[in-house]
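What follows is a set of notes on a single structure, which appears directly below.
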Amino acid sequence: LGSIRRRSFATRVAHSSRFLSTLVLGEHKGGSIEASSLCVVEAAKRLGGDNSVSLLLAGSGPSLQEAAAHAACFHPSISKVLLADSESFTYALAEPWAKLVYLVQQKGSYSHIITGSGSFGKNVLPRAAALLDVSPITDVTEISGSNLFVRPIYAGNALSTVRYTGSNPCMLTIRATSFPTGMSPASVSNDKCIEKIDLSAFSEDDAGGKSRYVSISSQDTERPDLANASIVVTGGRGLKSAENFKMIEKLAEKLGAAVGATRAAVDAGFVPNELQVGQTGKIVAPELYMAFGVSGAIQHLAGIRDSKVIVAVNKDADAPIFQVADYGLVGDLFEIIPELLEKLPEK
Ligand code: FAD
């Protein structure tokens, strides 16, 4: 009981303060901050009080510097950009990143550490939380105060409100699609807010770990990013083959849309894993979501619930996807997609 009392006192001290300080673990690509990280910064502002938001970026070489300058443009939303410039961070491996977060927290004593709930966040944050001995809260979709959060449970069928009662830091992964990017760049970049982290305490052992970078394969495409696209065209097992799946890609091209897939389509080898939408794939929230040959399994629906308009094409009138679709078409996709391709104007 004594230890419980001590802990709740510490908790009160930790969260009654109006002065919060949040460390956002940022992702960057090609010299720019990822849109999902900007959504996380927006979420950080909602923690309340006088929240000073620091953005931690790690990587190596000129693209890291460019990303930092890009982030600095968003001053004063971001009060500081912390840079970890080392070969150890060239590829975002979880072990060195987790150790980095641990070291930065030792120095900065942040009240909150937050990041997106994509594969980067899912990989890094729990490891960092274990090193800091706190329980993270994942997949936050709403922030009602510095320690009160809403997150989906049962594959998105219920929302649970959770109060964080642990000690600092409170660590969260944020569902980026639930928060706007919210910021427009300031006219003048504030380079003064960029601070290089002293990595002398970072040893060779920290850089290694149990995983090592082997290679990366990614679809080289001009299409919009699946997680942020305003139109998503998804294909399921009903497409039957990788060859047939090209129809989905053509349709997406005509509509300026991103391509998505169900897990069954990914497992069947039609498309790579990075296109999977759903509970164990990407969460999307486009203006228009089009699903072809998708049954509407609960795990798939978990990833598309926030879409504004859902259109489904399925030859089975009883397919569960029709229960969530705003517009449903019972028919053969092998007739409907070619007709759509023919009738849609060239971009
Ligand atoms: P099916 O369920 O086989 O449906 C194919 C549909 O195509 C059918 O409804 C059929 O009527 C229709 N069809 C067939 N031919 C045609 C035609 N010619 N014209 C029109 N319609 C046609 N799934 C995900 O998608 N994302 C996830 O993140 C995910 N995570 C999971 C996590 C766990 C722990 C588990 C257990 C499962 C997960 N799944 C996930 C899998 C999920 O349960 C389903 O198996 C999967 O979503 C089914 O994909 P599908 O709709 O493409 O295939």
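By convention here, the chains of the structure tokens are called A, B, ... in the order presented, each chain's residues are numbered starting at 1, and ligands are numbered starting at 1 in the order presented.
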As a ChimeraX atom specification, please: the residues near Pro62 (chain A) (cut-off 10 Å, only C-alpha atoms, same-chain neighbours under 6 positions excluded).
/A:30-31,68,85
Would you list the contacts of region 120-136 of chain A as a ChimeraX atom specification, taking every protein, DNA or RNA residue within 8 Å and counting only C-alpha atoms, but skipping same-chain residues closer than 6 positions in sequence?
/A:92-95,97-99,101-102,166-173
As a PyMOL selection string, list the residues of region 26-127 of chain A assigned to strand (DSSP E or B) by DSSP on the backbone atoms of this structure.
chain A and resi 28-29+32-33+52-59+80-85+112-116
Distance filter 8 Å around ligand 1, atoms: only C-alpha atoms and all ligand atoms, out as a ChimeraX atom specification
/A:235-240,261-265,276-282,292-303,313-316,319-321,330-334
Quick one: pull the distance between CA of Pro272 (chain A) and CA of Ile310 (chain A), Å, one decimal.
23.2 Å
Excluding Asp205 (chain A) and its own-chain neighbours fewer than 4 positions away, which residues fall within 12 Å of it when counting only C-alpha atoms? Please give them as a PyMOL selection string.
chain A and resi 88+95-96+99+201+209-211
Hey, which of A:Phe74, A:Phe19, A:Tyr213, A:Phe179 ends up closest to Phe89 (chain A)? Count only C-alpha atoms.
A:Tyr213
Option closest in space to Val284 (chain A), from A:Thr177, A:Ser217, A:Ser203, A:Thr90 [counting only C-alpha atoms]
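Residue with the minimum atom-to-atom distance to Val284 (chain A): A:Thr177.
Minimum distance to Ser119 (chain A) across A:Thr221, A:Ile283, A:Leu251, A:Ala67 (counting only C-alpha atoms) occurs at A:Ile283.
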Please report, as a CSV table (one decimal) with N, CA, C and O atoms, in the first residue's frame, each residue of region 4-241 of chain A to which DSSP assigns alpha helix (DSSP H) when run on this structure's backbone.
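To be explicit, this is the file written out as selection-v4.csv:
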```
chain,number,residue,atom,x,y,z
A,4,ILE,N,2.0,2.0,-3.3
A,4,ILE,CA,1.0,2.5,-4.2
A,4,ILE,C,0.7,4.0,-3.9
A,4,ILE,O,0.6,4.8,-4.8
A,5,ARG,N,0.7,4.3,-2.6
A,5,ARG,CA,0.5,5.8,-2.2
A,5,ARG,C,1.6,6.6,-2.8
A,5,ARG,O,1.4,7.7,-3.3
A,6,ARG,N,2.9,6.1,-2.6
A,6,ARG,CA,4.0,6.9,-3.1
A,6,ARG,C,3.8,7.2,-4.6
A,6,ARG,O,4.0,8.2,-5.1
A,7,ARG,N,3.4,6.1,-5.3
A,7,ARG,CA,3.3,6.2,-6.8
A,7,ARG,C,2.2,7.2,-7.2
A,7,ARG,O,2.4,8.0,-8.0
A,8,SER,N,1.1,7.2,-6.5
A,8,SER,CA,0.0,8.1,-6.9
A,8,SER,C,0.4,9.5,-6.6
A,8,SER,O,0.0,10.4,-7.3
A,9,PHE,N,1.2,9.7,-5.5
A,9,PHE,CA,1.7,11.1,-5.2
A,9,PHE,C,2.6,11.6,-6.4
A,9,PHE,O,2.4,12.7,-6.9
A,10,ALA,N,3.5,10.6,-6.8
A,10,ALA,CA,4.4,11.0,-7.9
A,10,ALA,C,3.6,11.3,-9.1
A,10,ALA,O,3.9,12.2,-9.9
A,11,THR,N,2.5,10.6,-9.4
A,11,THR,CA,1.7,10.8,-10.5
A,11,THR,C,1.0,12.1,-10.5
A,11,THR,O,1.0,12.8,-11.5
A,12,ARG,N,0.5,12.5,-9.3
A,12,ARG,CA,-0.1,13.8,-9.2
A,12,ARG,C,0.9,14.9,-9.5
A,12,ARG,O,0.6,15.8,-10.2
A,13,VAL,N,2.1,14.7,-9.0
A,13,VAL,CA,3.1,15.8,-9.2
A,13,VAL,C,3.4,15.8,-10.7
A,13,VAL,O,3.4,16.9,-11.3
A,14,ALA,N,3.5,14.6,-11.4
A,14,ALA,CA,3.8,14.5,-12.8
A,14,ALA,C,2.8,15.2,-13.6
A,14,ALA,O,3.1,15.9,-14.6
A,15,HIS,N,1.5,15.1,-13.3
A,15,HIS,CA,0.5,15.5,-14.3
A,15,HIS,C,-0.3,16.8,-13.9
A,15,HIS,O,-1.0,17.3,-14.6
A,16,SER,N,-0.1,17.2,-12.6
A,16,SER,CA,-0.8,18.4,-12.2
A,16,SER,C,-0.2,19.7,-12.8
A,16,SER,O,-0.8,20.7,-12.9
A,35,ALA,N,4.3,13.4,-43.2
A,35,ALA,CA,3.1,14.1,-42.8
A,35,ALA,C,2.5,13.5,-41.5
A,35,ALA,O,2.0,14.2,-40.6
A,36,SER,N,2.7,12.2,-41.3
A,36,SER,CA,2.2,11.6,-40.1
A,36,SER,C,2.9,12.1,-38.8
A,36,SER,O,2.3,12.3,-37.8
A,37,SER,N,4.2,12.5,-38.9
A,37,SER,CA,4.8,13.1,-37.8
A,37,SER,C,4.3,14.5,-37.5
A,37,SER,O,4.3,14.9,-36.3
A,38,LEU,N,3.9,15.2,-38.5
A,38,LEU,CA,3.3,16.5,-38.3
A,38,LEU,C,1.9,16.4,-37.6
A,38,LEU,O,1.6,17.2,-36.7
A,39,CYS,N,1.2,15.3,-37.9
A,39,CYS,CA,-0.1,15.0,-37.1
A,39,CYS,C,0.2,14.7,-35.7
A,39,CYS,O,-0.5,15.1,-34.8
A,40,VAL,N,1.4,14.0,-35.4
A,40,VAL,CA,1.7,13.7,-34.0
A,40,VAL,C,2.1,15.0,-33.3
A,40,VAL,O,1.7,15.2,-32.1
A,41,VAL,N,2.7,16.0,-34.0
A,41,VAL,CA,3.1,17.2,-33.3
A,41,VAL,C,1.7,18.0,-33.0
A,41,VAL,O,1.6,18.5,-31.9
A,42,GLU,N,0.8,17.9,-33.9
A,42,GLU,CA,-0.5,18.5,-33.6
A,42,GLU,C,-1.2,17.8,-32.4
A,42,GLU,O,-1.8,18.5,-31.5
A,43,ALA,N,-1.0,16.5,-32.3
A,43,ALA,CA,-1.6,15.8,-31.2
A,43,ALA,C,-0.9,16.2,-29.9
A,43,ALA,O,-1.6,16.4,-28.8
A,44,ALA,N,0.4,16.5,-30.0
A,44,ALA,CA,1.2,16.9,-28.8
A,44,ALA,C,0.6,18.2,-28.2
A,44,ALA,O,0.5,18.4,-27.0
A,45,LYS,N,0.2,19.1,-29.2
A,45,LYS,CA,-0.3,20.4,-28.7
A,45,LYS,C,-1.6,20.2,-27.9
A,45,LYS,O,-2.0,21.0,-27.1
A,62,PRO,N,23.2,14.6,-45.3
A,62,PRO,CA,22.5,15.9,-45.7
A,62,PRO,C,21.0,15.8,-45.6
A,62,PRO,O,20.3,16.7,-45.2
A,63,SER,N,20.4,14.6,-45.8
A,63,SER,CA,18.9,14.5,-45.8
A,63,SER,C,18.4,14.7,-44.4
A,63,SER,O,17.3,15.3,-44.2
A,64,LEU,N,19.2,14.4,-43.4
A,64,LEU,CA,18.8,14.6,-42.0
A,64,LEU,C,18.8,16.1,-41.7
A,64,LEU,O,17.8,16.7,-41.1
A,65,GLN,N,19.8,16.8,-42.2
A,65,GLN,CA,19.9,18.3,-42.0
A,65,GLN,C,18.7,19.0,-42.7
A,65,GLN,O,18.2,19.9,-42.2
A,66,GLU,N,18.4,18.5,-44.0
A,66,GLU,CA,17.3,19.1,-44.7
A,66,GLU,C,16.0,18.9,-43.9
A,66,GLU,O,15.2,19.8,-43.8
A,67,ALA,N,15.8,17.7,-43.4
A,67,ALA,CA,14.6,17.4,-42.6
A,67,ALA,C,14.5,18.3,-41.4
A,67,ALA,O,13.4,18.8,-41.1
A,68,ALA,N,15.7,18.5,-40.8
A,68,ALA,CA,15.7,19.4,-39.6
A,68,ALA,C,15.3,20.8,-40.0
A,68,ALA,O,14.5,21.5,-39.3
A,69,ALA,N,15.8,21.3,-41.1
A,69,ALA,CA,15.5,22.6,-41.5
A,69,ALA,C,14.0,22.7,-41.9
A,69,ALA,O,13.3,23.7,-41.6
A,70,HIS,N,13.4,21.7,-42.5
A,70,HIS,CA,12.0,21.6,-42.8
A,70,HIS,C,11.2,21.7,-41.5
A,70,HIS,O,10.2,22.4,-41.4
A,71,ALA,N,11.6,20.9,-40.5
A,71,ALA,CA,10.9,20.9,-39.2
A,71,ALA,C,11.0,22.3,-38.5
A,71,ALA,O,10.0,22.8,-38.0
A,72,ALA,N,12.2,22.9,-38.7
A,72,ALA,CA,12.4,24.2,-38.0
A,72,ALA,C,11.4,25.3,-38.6
A,72,ALA,O,11.1,26.3,-37.9
A,94,ALA,N,15.2,-0.6,-34.6
A,94,ALA,CA,14.5,-0.3,-33.3
A,94,ALA,C,15.5,-0.2,-32.1
A,94,ALA,O,15.3,0.6,-31.2
A,95,GLU,N,16.5,-1.1,-32.1
A,95,GLU,CA,17.4,-1.1,-30.9
A,95,GLU,C,18.1,0.2,-30.7
A,95,GLU,O,18.0,0.8,-29.6
A,96,PRO,N,18.9,0.7,-31.7
A,96,PRO,CA,19.6,2.0,-31.4
A,96,PRO,C,18.6,3.1,-31.2
A,96,PRO,O,18.9,4.0,-30.3
A,97,TRP,N,17.5,3.1,-31.8
A,97,TRP,CA,16.5,4.2,-31.6
A,97,TRP,C,16.0,4.2,-30.2
A,97,TRP,O,15.9,5.2,-29.6
A,98,ALA,N,15.7,3.0,-29.7
A,98,ALA,CA,15.2,2.9,-28.3
A,98,ALA,C,16.2,3.4,-27.3
A,98,ALA,O,15.9,4.1,-26.4
A,99,LYS,N,17.5,3.0,-27.6
A,99,LYS,CA,18.5,3.5,-26.7
A,99,LYS,C,18.7,5.0,-26.7
A,99,LYS,O,18.9,5.7,-25.7
A,100,LEU,N,18.5,5.5,-27.9
A,100,LEU,CA,18.6,7.0,-28.1
A,100,LEU,C,17.5,7.7,-27.3
A,100,LEU,O,17.7,8.7,-26.6
A,101,VAL,N,16.3,7.1,-27.4
A,101,VAL,CA,15.1,7.7,-26.7
A,101,VAL,C,15.4,7.7,-25.2
A,101,VAL,O,15.2,8.7,-24.5
A,102,TYR,N,16.0,6.6,-24.7
A,102,TYR,CA,16.3,6.4,-23.3
A,102,TYR,C,17.3,7.5,-22.9
A,102,TYR,O,17.2,8.2,-21.9
A,103,LEU,N,18.4,7.7,-23.7
A,103,LEU,CA,19.4,8.7,-23.4
A,103,LEU,C,18.9,10.1,-23.4
A,103,LEU,O,19.1,10.9,-22.5
A,104,VAL,N,18.0,10.4,-24.4
A,104,VAL,CA,17.4,11.8,-24.5
A,104,VAL,C,16.5,12.0,-23.3
A,104,VAL,O,16.5,13.1,-22.8
A,105,GLN,N,15.8,11.0,-22.9
A,105,GLN,CA,14.9,11.2,-21.8
A,105,GLN,C,15.7,11.4,-20.5
A,105,GLN,O,15.3,12.2,-19.6
A,106,GLN,N,16.8,10.7,-20.3
A,106,GLN,CA,17.6,10.9,-19.1
A,106,GLN,C,18.0,12.4,-19.0
A,106,GLN,O,18.0,13.0,-17.9
A,107,LYS,N,18.3,13.0,-20.1
A,107,LYS,CA,18.7,14.4,-20.1
A,107,LYS,C,17.5,15.4,-20.0
A,107,LYS,O,17.6,16.4,-19.3
A,108,GLY,N,16.5,15.1,-20.8
A,108,GLY,CA,15.4,16.1,-21.0
A,108,GLY,C,14.2,15.9,-20.0
A,108,GLY,O,13.4,16.8,-19.8
A,119,SER,N,4.5,1.4,-38.4
A,119,SER,CA,5.5,0.3,-38.1
A,119,SER,C,6.7,0.9,-37.3
A,119,SER,O,7.2,0.2,-36.4
A,120,PHE,N,7.1,2.1,-37.6
A,120,PHE,CA,8.2,2.7,-36.8
A,120,PHE,C,7.9,2.8,-35.4
A,120,PHE,O,8.6,2.4,-34.5
A,121,GLY,N,6.7,3.4,-35.1
A,121,GLY,CA,6.3,3.6,-33.7
A,121,GLY,C,6.1,2.3,-33.0
A,121,GLY,O,6.5,2.1,-31.8
A,122,LYS,N,5.5,1.3,-33.7
A,122,LYS,CA,5.2,0.0,-33.1
A,122,LYS,C,6.5,-0.7,-32.7
A,122,LYS,O,6.5,-1.5,-31.8
A,123,ASN,N,7.5,-0.4,-33.5
A,123,ASN,CA,8.8,-1.1,-33.3
A,123,ASN,C,9.6,-0.4,-32.2
A,123,ASN,O,10.2,-1.1,-31.4
A,124,VAL,N,9.6,0.9,-32.2
A,124,VAL,CA,10.6,1.6,-31.3
A,124,VAL,C,10.0,1.9,-29.9
A,124,VAL,O,10.6,1.7,-28.9
A,125,LEU,N,8.7,2.4,-29.9
A,125,LEU,CA,8.2,2.9,-28.6
A,125,LEU,C,8.1,1.8,-27.5
A,125,LEU,O,8.5,2.1,-26.4
A,126,PRO,N,7.6,0.6,-27.8
A,126,PRO,CA,7.6,-0.4,-26.7
A,126,PRO,C,8.9,-0.7,-26.2
A,126,PRO,O,9.1,-0.9,-25.0
A,127,ARG,N,9.9,-0.7,-27.1
A,127,ARG,CA,11.3,-1.0,-26.6
A,127,ARG,C,11.8,0.1,-25.7
A,127,ARG,O,12.4,-0.2,-24.6
A,128,ALA,N,11.6,1.3,-26.1
A,128,ALA,CA,12.0,2.5,-25.3
A,128,ALA,C,11.3,2.5,-24.0
A,128,ALA,O,11.9,2.8,-22.9
A,129,ALA,N,10.0,2.2,-24.0
A,129,ALA,CA,9.2,2.2,-22.8
A,129,ALA,C,9.7,1.1,-21.8
A,129,ALA,O,9.8,1.3,-20.6
A,130,ALA,N,10.2,0.0,-22.4
A,130,ALA,CA,10.7,-1.1,-21.5
A,130,ALA,C,12.0,-0.6,-20.8
A,130,ALA,O,12.2,-0.8,-19.6
A,131,LEU,N,12.8,0.1,-21.6
A,131,LEU,CA,14.1,0.7,-21.0
A,131,LEU,C,13.8,1.7,-19.9
A,131,LEU,O,14.5,1.8,-19.0
A,132,LEU,N,12.7,2.5,-20.1
A,132,LEU,CA,12.3,3.5,-19.2
A,132,LEU,C,11.4,3.0,-18.1
A,132,LEU,O,11.0,3.8,-17.2
A,204,GLU,N,29.2,1.5,-29.2
A,204,GLU,CA,29.1,0.5,-30.3
A,204,GLU,C,28.0,-0.5,-30.0
A,204,GLU,O,27.3,-0.9,-30.9
A,205,ASP,N,27.9,-1.0,-28.8
A,205,ASP,CA,26.9,-2.0,-28.4
A,205,ASP,C,25.5,-1.5,-28.6
A,205,ASP,O,24.6,-2.2,-29.1
A,206,ASP,N,25.3,-0.2,-28.3
A,206,ASP,CA,24.0,0.4,-28.5
A,206,ASP,C,23.6,0.4,-29.9
A,206,ASP,O,22.5,0.3,-30.3
A,207,ALA,N,24.6,0.7,-30.8
A,207,ALA,CA,24.4,0.8,-32.2
A,207,ALA,C,23.9,-0.5,-32.8
A,207,ALA,O,23.1,-0.6,-33.7
```
Taking only C-alpha atoms into account, which of A:Ser215, A:Thr165, A:Ser241, A:Ser146 comes nearest His112 (chain A)?
A:Ser146
